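Next up, final.pdb (PDB, C-alpha atoms, pLDDT in the B column):
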```pdb
ATOM      1  CA  ASP A  29      -4.922  13.258   8.067  1.00 95.00           C
ATOM      2  CA  ILE A  30      -1.117  13.138   7.877  1.00 97.00           C
ATOM      3  CA  GLN A  31       0.174  14.289   4.508  1.00 98.00           C
ATOM      4  CA  MET A  32       3.296  12.598   3.142  1.00 98.00           C
ATOM      5  CA  THR A  33       5.222  14.795   0.727  1.00 98.00           C
ATOM      6  CA  GLN A  34       7.534  12.580  -1.312  1.00 98.00           C
ATOM      7  CA  SER A  35      10.262  13.921  -3.561  1.00 98.00           C
ATOM      8  CA  PRO A  36      11.379  13.877  -6.222  1.00 98.00           C
ATOM      9  CA  PRO A  37       8.446  12.586  -8.314  1.00 98.00           C
ATOM     10  CA  SER A  38      10.930  11.134 -10.757  1.00 97.00           C
ATOM     11  CA  LEU A  39      14.601  10.350 -10.729  1.00 96.00           C
ATOM     12  CA  SER A  40      17.062   9.441 -13.431  1.00 97.00           C
ATOM     13  CA  ALA A  41      20.135   7.431 -12.477  1.00 97.00           C
ATOM     14  CA  SER A  42      22.955   5.483 -14.040  1.00 96.00           C
ATOM     15  CA  LEU A  43      23.817   1.954 -12.992  1.00 96.00           C
ATOM     16  CA  GLY A  44      26.037   2.117  -9.917  1.00 97.00           C
ATOM     17  CA  ASP A  45      24.737   5.505  -8.762  1.00 97.00           C
ATOM     18  CA  LYS A  46      23.445   6.279  -5.300  1.00 98.00           C
ATOM     19  CA  VAL A  47      19.941   7.768  -5.212  1.00 98.00           C
ATOM     20  CA  THR A  48      17.951   9.208  -2.345  1.00 98.00           C
ATOM     21  CA  ILE A  49      14.212   9.758  -1.983  1.00 98.00           C
ATOM     22  CA  THR A  50      12.695  11.792   0.804  1.00 98.00           C
ATOM     23  CA  CYS A  51       9.324  11.834   2.527  1.00 98.00           C
ATOM     24  CA  GLN A  52       8.256  14.635   4.780  1.00 98.00           C
ATOM     25  CA  ALA A  53       5.263  14.105   7.020  1.00 98.00           C
ATOM     26  CA  SER A  54       2.920  16.912   8.008  1.00 98.00           C
ATOM     27  CA  GLN A  55       3.525  15.942  11.645  1.00 98.00           C
ATOM     28  CA  ASN A  56       5.807  13.737  13.708  1.00 98.00           C
ATOM     29  CA  ILE A  57       5.230  10.084  12.746  1.00 98.00           C
ATOM     30  CA  ASN A  58       7.549   8.574  15.368  1.00 97.00           C
ATOM     31  CA  LYS A  59       9.572   6.587  12.807  1.00 98.00           C
ATOM     32  CA  TYR A  60       6.502   4.619  11.695  1.00 98.00           C
ATOM     33  CA  ILE A  61       7.331   4.733   8.015  1.00 98.00           C
ATOM     34  CA  ALA A  62       7.662   1.897   5.527  1.00 98.00           C
ATOM     35  CA  TRP A  63       9.014   1.904   1.994  1.00 98.00           C
ATOM     36  CA  TYR A  64       7.706  -0.084  -0.954  1.00 98.00           C
ATOM     37  CA  GLN A  65       8.908  -0.869  -4.453  1.00 98.00           C
ATOM     38  CA  GLN A  66       6.410  -1.273  -7.269  1.00 98.00           C
ATOM     39  CA  LYS A  67       7.149  -2.464 -10.773  1.00 97.00           C
ATOM     40  CA  PRO A  68       4.671  -1.914 -13.630  1.00 94.00           C
ATOM     41  CA  GLY A  69       1.674  -4.213 -13.418  1.00 93.00           C
ATOM     42  CA  LYS A  70       2.798  -5.638 -10.085  1.00 96.00           C
ATOM     43  CA  ALA A  71       1.768  -5.213  -6.476  1.00 96.00           C
ATOM     44  CA  PRO A  72       3.925  -3.138  -4.138  1.00 97.00           C
ATOM     45  CA  ARG A  73       6.720  -5.065  -2.460  1.00 97.00           C
ATOM     46  CA  GLN A  74       7.750  -4.219   1.065  1.00 97.00           C
ATOM     47  CA  LEU A  75      11.397  -3.178   1.468  1.00 98.00           C
ATOM     48  CA  ILE A  76      11.776  -1.355   4.779  1.00 98.00           C
ATOM     49  CA  ARG A  77       9.697  -1.004   7.913  1.00 97.00           C
ATOM     50  CA  TYR A  78      10.018   1.265  10.977  1.00 97.00           C
ATOM     51  CA  THR A  79      12.267   3.740   9.155  1.00 98.00           C
ATOM     52  CA  SER A  80      15.349   1.578   8.719  1.00 98.00           C
ATOM     53  CA  THR A  81      14.624  -2.121   9.276  1.00 97.00           C
ATOM     54  CA  LEU A  82      15.160  -4.081   6.089  1.00 97.00           C
ATOM     55  CA  VAL A  83      12.620  -6.842   5.671  1.00 96.00           C
ATOM     56  CA  SER A  84      13.790 -10.325   4.812  1.00 94.00           C
ATOM     57  CA  GLY A  85      15.005 -10.505   1.250  1.00 95.00           C
ATOM     58  CA  THR A  86      15.721  -6.788   0.840  1.00 97.00           C
ATOM     59  CA  PRO A  87      19.230  -6.288  -0.565  1.00 97.00           C
ATOM     60  CA  SER A  88      21.639  -4.397   1.662  1.00 97.00           C
ATOM     61  CA  ARG A  89      22.082  -1.652  -0.959  1.00 98.00           C
ATOM     62  CA  PHE A  90      18.707  -0.330   0.231  1.00 98.00           C
ATOM     63  CA  SER A  91      18.604   1.781   3.390  1.00 98.00           C
ATOM     64  CA  GLY A  92      16.341   4.139   5.291  1.00 98.00           C
ATOM     65  CA  SER A  93      16.786   6.778   7.937  1.00 98.00           C
ATOM     66  CA  GLY A  94      15.066   9.678   9.592  1.00 98.00           C
ATOM     67  CA  SER A  95      13.048  10.821  12.549  1.00 98.00           C
ATOM     68  CA  GLY A  96      10.297  13.215  13.459  1.00 98.00           C
ATOM     69  CA  ARG A  97       8.821  14.513  10.228  1.00 98.00           C
ATOM     70  CA  ASP A  98      11.720  13.870   7.838  1.00 98.00           C
ATOM     71  CA  TYR A  99      12.697  10.522   6.344  1.00 98.00           C
ATOM     72  CA  SER A 100      14.862   9.297   3.519  1.00 98.00           C
ATOM     73  CA  PHE A 101      15.324   6.136   1.492  1.00 98.00           C
ATOM     74  CA  SER A 102      18.477   5.382  -0.455  1.00 98.00           C
ATOM     75  CA  ILE A 103      19.709   2.890  -2.969  1.00 98.00           C
ATOM     76  CA  SER A 104      23.467   2.630  -3.281  1.00 94.00           C
ATOM     77  CA  ASN A 105      24.886   1.112  -6.460  1.00 94.00           C
ATOM     78  CA  VAL A 106      21.633   1.182  -8.438  1.00 97.00           C
ATOM     79  CA  GLU A 107      21.075  -2.029 -10.400  1.00 97.00           C
ATOM     80  CA  SER A 108      18.818  -2.559 -13.406  1.00 96.00           C
ATOM     81  CA  GLU A 109      16.356  -4.550 -11.294  1.00 96.00           C
ATOM     82  CA  ASP A 110      15.848  -1.448  -9.105  1.00 97.00           C
ATOM     83  CA  ILE A 111      14.082   0.430 -11.911  1.00 96.00           C
ATOM     84  CA  ALA A 112      10.617   0.861 -10.441  1.00 97.00           C
ATOM     85  CA  SER A 113       8.434   3.276  -8.524  1.00 98.00           C
ATOM     86  CA  TYR A 114       8.938   3.733  -4.803  1.00 98.00           C
ATOM     87  CA  TYR A 115       6.383   4.777  -2.175  1.00 98.00           C
ATOM     88  CA  CYS A 116       6.589   5.686   1.479  1.00 98.00           C
ATOM     89  CA  LEU A 117       3.771   4.848   3.892  1.00 98.00           C
ATOM     90  CA  GLN A 118       3.160   6.363   7.314  1.00 98.00           C
ATOM     91  CA  TYR A 119       1.460   4.042   9.769  1.00 97.00           C
ATOM     92  CA  ASP A 120       1.672   6.137  12.902  1.00 97.00           C
ATOM     93  CA  ASN A 121      -1.878   7.428  12.662  1.00 95.00           C
ATOM     94  CA  LEU A 122      -5.022   6.416  10.847  1.00 94.00           C
ATOM     95  CA  PRO A 123      -5.728   6.943   8.059  1.00 95.00           C
ATOM     96  CA  TRP A 124      -2.588   5.328   6.720  1.00 97.00           C
ATOM     97  CA  THR A 125      -1.222   7.614   4.009  1.00 98.00           C
ATOM     98  CA  PHE A 126       1.241   7.053   1.218  1.00 98.00           C
ATOM     99  CA  GLY A 127       3.627   9.463  -0.420  1.00 98.00           C
ATOM    100  CA  GLY A 128       2.939  10.365  -4.023  1.00 97.00           C
ATOM    101  CA  GLY A 129       5.640   8.042  -5.334  1.00 98.00           C
ATOM    102  CA  THR A 130       9.002   8.361  -7.058  1.00 98.00           C
ATOM    103  CA  LYS A 131       9.633   6.825 -10.448  1.00 98.00           C
ATOM    104  CA  LEU A 132      13.245   5.713 -10.846  1.00 98.00           C
ATOM    105  CA  GLU A 133      14.450   5.533 -14.425  1.00 97.00           C
ATOM    106  CA  LEU A 134      17.751   4.714 -16.068  1.00 93.00           C
ATOM    107  CA  LYS A 135      19.722   7.634 -17.449  1.00 90.00           C
TER     108      LYS A 135
ATOM    109  CA  GLN B   9       3.324 -19.355   2.601  1.00 95.00           C
ATOM    110  CA  VAL B  10       1.276 -16.190   2.943  1.00 97.00           C
ATOM    111  CA  GLN B  11      -0.869 -15.433  -0.092  1.00 98.00           C
ATOM    112  CA  LEU B  12      -3.709 -13.066  -0.881  1.00 98.00           C
ATOM    113  CA  GLU B  13      -5.789 -13.107  -4.039  1.00 98.00           C
ATOM    114  CA  GLU B  14      -8.380 -10.561  -5.093  1.00 98.00           C
ATOM    115  CA  SER B  15     -11.340 -11.388  -7.294  1.00 97.00           C
ATOM    116  CA  GLY B  16     -14.282  -9.493  -8.659  1.00 95.00           C
ATOM    117  CA  PRO B  17     -15.840  -7.964 -11.762  1.00 92.00           C
ATOM    118  CA  GLY B  18     -13.607  -5.935 -14.036  1.00 90.00           C
ATOM    119  CA  LEU B  19     -16.239  -3.599 -15.468  1.00 95.00           C
ATOM    120  CA  MET B  20     -18.856  -1.715 -13.537  1.00 96.00           C
ATOM    121  CA  GLN B  21     -21.393   0.946 -14.434  1.00 97.00           C
ATOM    122  CA  PRO B  22     -21.721   4.257 -12.609  1.00 96.00           C
ATOM    123  CA  SER B  23     -23.997   4.100  -9.556  1.00 96.00           C
ATOM    124  CA  GLU B  24     -23.530   0.329  -9.200  1.00 97.00           C
ATOM    125  CA  THR B  25     -22.163  -1.436  -6.120  1.00 97.00           C
ATOM    126  CA  LEU B  26     -18.718  -3.000  -6.323  1.00 98.00           C
ATOM    127  CA  SER B  27     -18.121  -6.309  -4.572  1.00 98.00           C
ATOM    128  CA  LEU B  28     -14.591  -7.650  -4.271  1.00 98.00           C
ATOM    129  CA  THR B  29     -13.289 -10.720  -2.463  1.00 98.00           C
ATOM    130  CA  CYS B  30      -9.835 -11.251  -1.011  1.00 98.00           C
ATOM    131  CA  THR B  31      -9.065 -14.914  -0.366  1.00 98.00           C
ATOM    132  CA  VAL B  32      -6.113 -15.484   1.927  1.00 98.00           C
ATOM    133  CA  SER B  33      -3.953 -18.464   2.792  1.00 98.00           C
ATOM    134  CA  GLY B  34      -0.978 -19.091   5.011  1.00 97.00           C
ATOM    135  CA  PHE B  35      -2.404 -17.086   7.930  1.00 97.00           C
ATOM    136  CA  SER B  36      -5.622 -16.648   9.863  1.00 97.00           C
ATOM    137  CA  LEU B  37      -7.922 -13.646   9.627  1.00 97.00           C
ATOM    138  CA  THR B  38      -8.297 -13.887  13.407  1.00 97.00           C
ATOM    139  CA  SER B  39      -4.552 -13.288  13.767  1.00 96.00           C
ATOM    140  CA  ASN B  40      -3.931 -10.548  11.187  1.00 97.00           C
ATOM    141  CA  GLY B  41      -5.813  -7.601   9.796  1.00 97.00           C
ATOM    142  CA  VAL B  42      -6.389  -7.173   6.069  1.00 98.00           C
ATOM    143  CA  GLY B  43      -6.715  -3.842   4.353  1.00 98.00           C
ATOM    144  CA  TRP B  44      -7.744  -2.602   0.928  1.00 98.00           C
ATOM    145  CA  VAL B  45      -5.623  -0.168  -1.078  1.00 98.00           C
ATOM    146  CA  ARG B  46      -6.678   1.464  -4.334  1.00 98.00           C
ATOM    147  CA  GLN B  47      -4.433   2.721  -7.116  1.00 97.00           C
ATOM    148  CA  PRO B  48      -5.933   4.797  -9.925  1.00 94.00           C
ATOM    149  CA  LEU B  49      -4.274   4.069 -13.258  1.00 89.00           C
ATOM    150  CA  GLY B  50      -0.854   5.679 -13.357  1.00 88.00           C
ATOM    151  CA  LYS B  51      -1.262   7.218  -9.929  1.00 93.00           C
ATOM    152  CA  GLY B  52      -0.362   6.571  -6.316  1.00 95.00           C
ATOM    153  CA  LEU B  53      -1.668   4.344  -3.552  1.00 97.00           C
ATOM    154  CA  VAL B  54      -4.599   5.160  -1.289  1.00 98.00           C
ATOM    155  CA  TRP B  55      -5.588   3.169   1.781  1.00 98.00           C
ATOM    156  CA  MET B  56      -9.332   2.573   1.799  1.00 98.00           C
ATOM    157  CA  GLY B  57      -9.986   0.584   4.926  1.00 97.00           C
ATOM    158  CA  THR B  58      -9.037  -2.367   7.108  1.00 97.00           C
ATOM    159  CA  ILE B  59     -10.707  -5.143   9.000  1.00 98.00           C
ATOM    160  CA  TRP B  60      -8.624  -6.060  12.019  1.00 97.00           C
ATOM    161  CA  ALA B  61      -8.053  -9.472  13.567  1.00 96.00           C
ATOM    162  CA  GLY B  62     -10.689  -8.842  16.203  1.00 96.00           C
ATOM    163  CA  GLY B  63     -13.255  -7.946  13.552  1.00 97.00           C
ATOM    164  CA  SER B  64     -13.326  -4.186  14.008  1.00 97.00           C
ATOM    165  CA  THR B  65     -12.975  -1.927  10.988  1.00 97.00           C
ATOM    166  CA  ASN B  66     -11.454   1.421  10.108  1.00 96.00           C
ATOM    167  CA  TYR B  67     -12.214   3.360   6.947  1.00 97.00           C
ATOM    168  CA  ASN B  68     -10.712   6.265   5.079  1.00 96.00           C
ATOM    169  CA  SER B  69     -13.087   9.173   5.575  1.00 95.00           C
ATOM    170  CA  ALA B  70     -12.909   9.906   1.836  1.00 93.00           C
ATOM    171  CA  VAL B  71     -14.919   6.740   1.088  1.00 94.00           C
ATOM    172  CA  GLN B  72     -16.360   5.843   4.480  1.00 95.00           C
ATOM    173  CA  SER B  73     -19.950   6.662   3.580  1.00 96.00           C
ATOM    174  CA  ARG B  74     -19.841   4.279   0.594  1.00 97.00           C
ATOM    175  CA  LEU B  75     -17.566   1.500   1.855  1.00 98.00           C
ATOM    176  CA  SER B  76     -18.082  -1.640   3.873  1.00 98.00           C
ATOM    177  CA  ILE B  77     -15.463  -4.269   4.688  1.00 98.00           C
ATOM    178  CA  SER B  78     -16.441  -7.615   6.184  1.00 98.00           C
ATOM    179  CA  ARG B  79     -15.082 -11.136   6.403  1.00 98.00           C
ATOM    180  CA  ASP B  80     -15.881 -14.824   6.608  1.00 98.00           C
ATOM    181  CA  THR B  81     -13.163 -16.337   8.764  1.00 97.00           C
ATOM    182  CA  SER B  82     -14.265 -19.904   8.013  1.00 97.00           C
ATOM    183  CA  LYS B  83     -13.598 -19.295   4.324  1.00 98.00           C
ATOM    184  CA  SER B  84     -10.530 -17.069   4.878  1.00 98.00           C
ATOM    185  CA  GLN B  85     -12.171 -14.339   2.841  1.00 98.00           C
ATOM    186  CA  VAL B  86     -12.412 -10.589   3.225  1.00 98.00           C
ATOM    187  CA  PHE B  87     -15.033  -8.633   1.326  1.00 98.00           C
ATOM    188  CA  LEU B  88     -15.132  -5.077   0.062  1.00 98.00           C
ATOM    189  CA  LYS B  89     -18.409  -3.481  -0.927  1.00 98.00           C
ATOM    190  CA  MET B  90     -18.565   0.059  -2.242  1.00 98.00           C
ATOM    191  CA  ASN B  91     -21.727   1.661  -3.523  1.00 97.00           C
ATOM    192  CA  SER B  92     -22.518   4.605  -5.762  1.00 96.00           C
ATOM    193  CA  LEU B  93     -19.541   3.951  -8.004  1.00 97.00           C
ATOM    194  CA  GLN B  94     -18.222   6.782 -10.144  1.00 96.00           C
ATOM    195  CA  PRO B  95     -15.631   6.821 -12.946  1.00 95.00           C
ATOM    196  CA  GLU B  96     -13.057   8.150 -10.477  1.00 94.00           C
ATOM    197  CA  ASP B  97     -13.310   4.827  -8.607  1.00 96.00           C
ATOM    198  CA  THR B  98     -11.557   3.218 -11.568  1.00 97.00           C
ATOM    199  CA  GLY B  99      -8.258   1.636 -10.642  1.00 97.00           C
ATOM    200  CA  THR B 100      -6.498  -1.410  -9.306  1.00 98.00           C
ATOM    201  CA  TYR B 101      -7.709  -2.656  -5.940  1.00 98.00           C
ATOM    202  CA  TYR B 102      -5.263  -4.510  -3.718  1.00 98.00           C
ATOM    203  CA  CYS B 103      -5.809  -6.367  -0.491  1.00 98.00           C
ATOM    204  CA  ALA B 104      -2.834  -6.527   1.841  1.00 98.00           C
ATOM    205  CA  ARG B 105      -2.022  -8.034   5.210  1.00 98.00           C
ATOM    206  CA  HIS B 106      -1.081  -6.145   8.361  1.00 96.00           C
ATOM    207  CA  PRO B 107       1.587  -8.077  10.296  1.00 93.00           C
ATOM    208  CA  GLY B 108       0.415  -6.609  13.592  1.00 88.00           C
ATOM    209  CA  ILE B 109      -2.111  -4.324  15.215  1.00 85.00           C
ATOM    210  CA  GLU B 110      -2.287  -0.903  13.534  1.00 83.00           C
ATOM    211  CA  ASP B 111       0.698  -1.932  11.498  1.00 91.00           C
ATOM    212  CA  TYR B 112       1.997  -1.438   7.969  1.00 95.00           C
ATOM    213  CA  PHE B 113       1.343  -3.864   5.077  1.00 97.00           C
ATOM    214  CA  ASP B 114       3.661  -6.788   4.494  1.00 96.00           C
ATOM    215  CA  TYR B 115       2.083  -9.158   1.975  1.00 97.00           C
ATOM    216  CA  TRP B 116      -0.047  -7.940  -0.932  1.00 98.00           C
ATOM    217  CA  GLY B 117      -2.356  -9.586  -3.438  1.00 98.00           C
ATOM    218  CA  GLN B 118      -1.696  -9.165  -7.133  1.00 97.00           C
ATOM    219  CA  GLY B 119      -4.536  -6.671  -7.475  1.00 98.00           C
ATOM    220  CA  VAL B 120      -7.742  -6.563  -9.494  1.00 98.00           C
ATOM    221  CA  MET B 121      -8.440  -3.877 -12.073  1.00 97.00           C
ATOM    222  CA  VAL B 122     -11.874  -2.288 -11.852  1.00 97.00           C
ATOM    223  CA  THR B 123     -13.174   0.039 -14.555  1.00 97.00           C
ATOM    224  CA  VAL B 124     -16.232   2.169 -13.927  1.00 96.00           C
ATOM    225  CA  SER B 125     -17.707   3.286 -17.212  1.00 95.00           C
ATOM    226  CA  SER B 126     -21.044   3.553 -18.925  1.00 92.00           C
TER     227      SER B 126
END
```
Please render this file's structure as structure tokens.
Amino acid sequence: DIQMTQSPPSLSASLGDKVTITCQASQNINKYIAWYQQKPGKAPRQLIRYTSTLVSGTPSRFSGSGSGRDYSFSISNVESEDIASYYCLQYDNLPWTFGGGTKLELK
Amino acid sequence: QVQLEESGPGLMQPSETLSLTCTVSGFSLTSNGVGWVRQPLGKGLVWMGTIWAGGSTNYNSAVQSRLSISRDTSKSQVFLKMNSLQPEDTGTYYCARHPGIEDYFDYWGQGVMVTVSS
């Protein structure tokens, strides 16, 4: 199974900050990584697919990049509505595996 | 629009068999796969298994011996059955759609909380 090591587990930011979350795969995942946002008591919401493609409705302050084993997800100009947990998902190889999550909090 | 809705019992006893239903609308089960993802309380997401548009299934090896996923395309429903439940199976169970073959998840249901306790 491909392991997805996501860091940091938690992040504290002020409104307007830029934050970055990373996911490292245990092997090359050929850019097949998606990023999700999850608010308490809600289902995950898809933000980015195939490393850097924003899905419809995702604000442009969200971005993704990476290749091989190393990927990152950023939010520029953090807004209050961005306070949530974020997860990466690799879908290059079964079984699909998620990162452990990053909880974004307001400083 | 695309919607998925999970249903099933909220409280189960250890050793029982869990049966969950995912009712979908806005797409056909013969066009898109549907997977199940579990989230223990306060923890991360774990893919459990998927039934693909052609009817084939893939399971996470961690639960494969206890898990079965099936569907009724005429009713637009996907079913999860997992036997020999243990307290560590407690969590929220989501069904989610794959937009393509061996693809990520785009649309998710709201989830159903299952507690396994005696």
Using all atoms listed in the file, I'd like a table of the residues in chain A that come within 6 Å of chain B; for each, show the closest atom pair and its distance in Å rounded to one decimal, ordered by chain and ascending number, as a Markdown table.
```
| residue | atom | partner | partner_atom | distance |
| --- | --- | --- | --- | --- |
| A:Ala71 | CA | B:Gln118 | CA | 5.3 |
| A:Gln74 | CA | B:Asp114 | CA | 5.9 |
| A:Tyr119 | CA | B:Tyr112 | CA | 5.8 |
| A:Pro123 | CA | B:Asn68 | CA | 5.8 |
| A:Gly128 | CA | B:Gly52 | CA | 5.5 |
```
Preceding selection exported with C-alpha atoms as a CSV table (one decimal), in the frame of the given file:
```
chain,number,residue,atom,x,y,z
A,71,ALA,CA,1.8,-5.2,-6.5
A,74,GLN,CA,7.8,-4.2,1.1
A,119,TYR,CA,1.5,4.0,9.8
A,123,PRO,CA,-5.7,6.9,8.1
A,128,GLY,CA,2.9,10.4,-4.0
```
Task: Selection dump of the PyMOL selection byres ((chain B and resi 10-20) around 8), as a PyMOL selection string - done: chain B and resi 9+21-22+24+26-35+93+101-104+115-126
Open item on the list: I'd like the contact shell of region 31-40 of chain A - 12 Å cut-off, all atoms listed in the file, skipping same-chain residues fewer than 5 positions apart - returned as a ChimeraX atom specification.
Closed with: /A:45-57,61-63,97-101,103,106,110-135 /B:51-54
Open item on the list: Take the PyMOL selection byres ((chain B and resi 76-83) around 9), run it mentally on this structure, and tell me the resulting residues as an MDAnalysis selection string.
Closed with: chainID B and resid 31:32 36:38 43:44 57:59 63 65:67 72:75 84:91
Hits from the PyMOL selection byres ((chain A and resi 88) around 12), listed as a PDB file with C-alpha atoms, in the frame of the given file:
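Here's the written file result_8.pdb:
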```
ATOM      1  CA  LEU A  75      11.397  -3.178   1.468  1.00 98.00           C
ATOM      2  CA  ILE A  76      11.776  -1.355   4.779  1.00 98.00           C
ATOM      3  CA  SER A  80      15.349   1.578   8.719  1.00 98.00           C
ATOM      4  CA  THR A  81      14.624  -2.121   9.276  1.00 97.00           C
ATOM      5  CA  LEU A  82      15.160  -4.081   6.089  1.00 97.00           C
ATOM      6  CA  VAL A  83      12.620  -6.842   5.671  1.00 96.00           C
ATOM      7  CA  SER A  84      13.790 -10.325   4.812  1.00 94.00           C
ATOM      8  CA  GLY A  85      15.005 -10.505   1.250  1.00 95.00           C
ATOM      9  CA  THR A  86      15.721  -6.788   0.840  1.00 97.00           C
ATOM     10  CA  PRO A  87      19.230  -6.288  -0.565  1.00 97.00           C
ATOM     11  CA  ARG A  89      22.082  -1.652  -0.959  1.00 98.00           C
ATOM     12  CA  PHE A  90      18.707  -0.330   0.231  1.00 98.00           C
ATOM     13  CA  SER A  91      18.604   1.781   3.390  1.00 98.00           C
ATOM     14  CA  GLY A  92      16.341   4.139   5.291  1.00 98.00           C
ATOM     15  CA  SER A 102      18.477   5.382  -0.455  1.00 98.00           C
ATOM     16  CA  ILE A 103      19.709   2.890  -2.969  1.00 98.00           C
ATOM     17  CA  SER A 104      23.467   2.630  -3.281  1.00 94.00           C
ATOM     18  CA  ASN A 105      24.886   1.112  -6.460  1.00 94.00           C
ATOM     19  CA  VAL A 106      21.633   1.182  -8.438  1.00 97.00           C
TER      20      VAL A 106
END
```
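When CA of Pro68 (chain A) is paired with CA of His106 (chain B), their separation reads 23.1 Å.
CA of Tyr60 (chain A) sits 7.5 Å away from CA of Arg77 (chain A).
Between CA of Ser64 (chain B) and CA of Gln47 (chain B) the separation is 23.9 Å.
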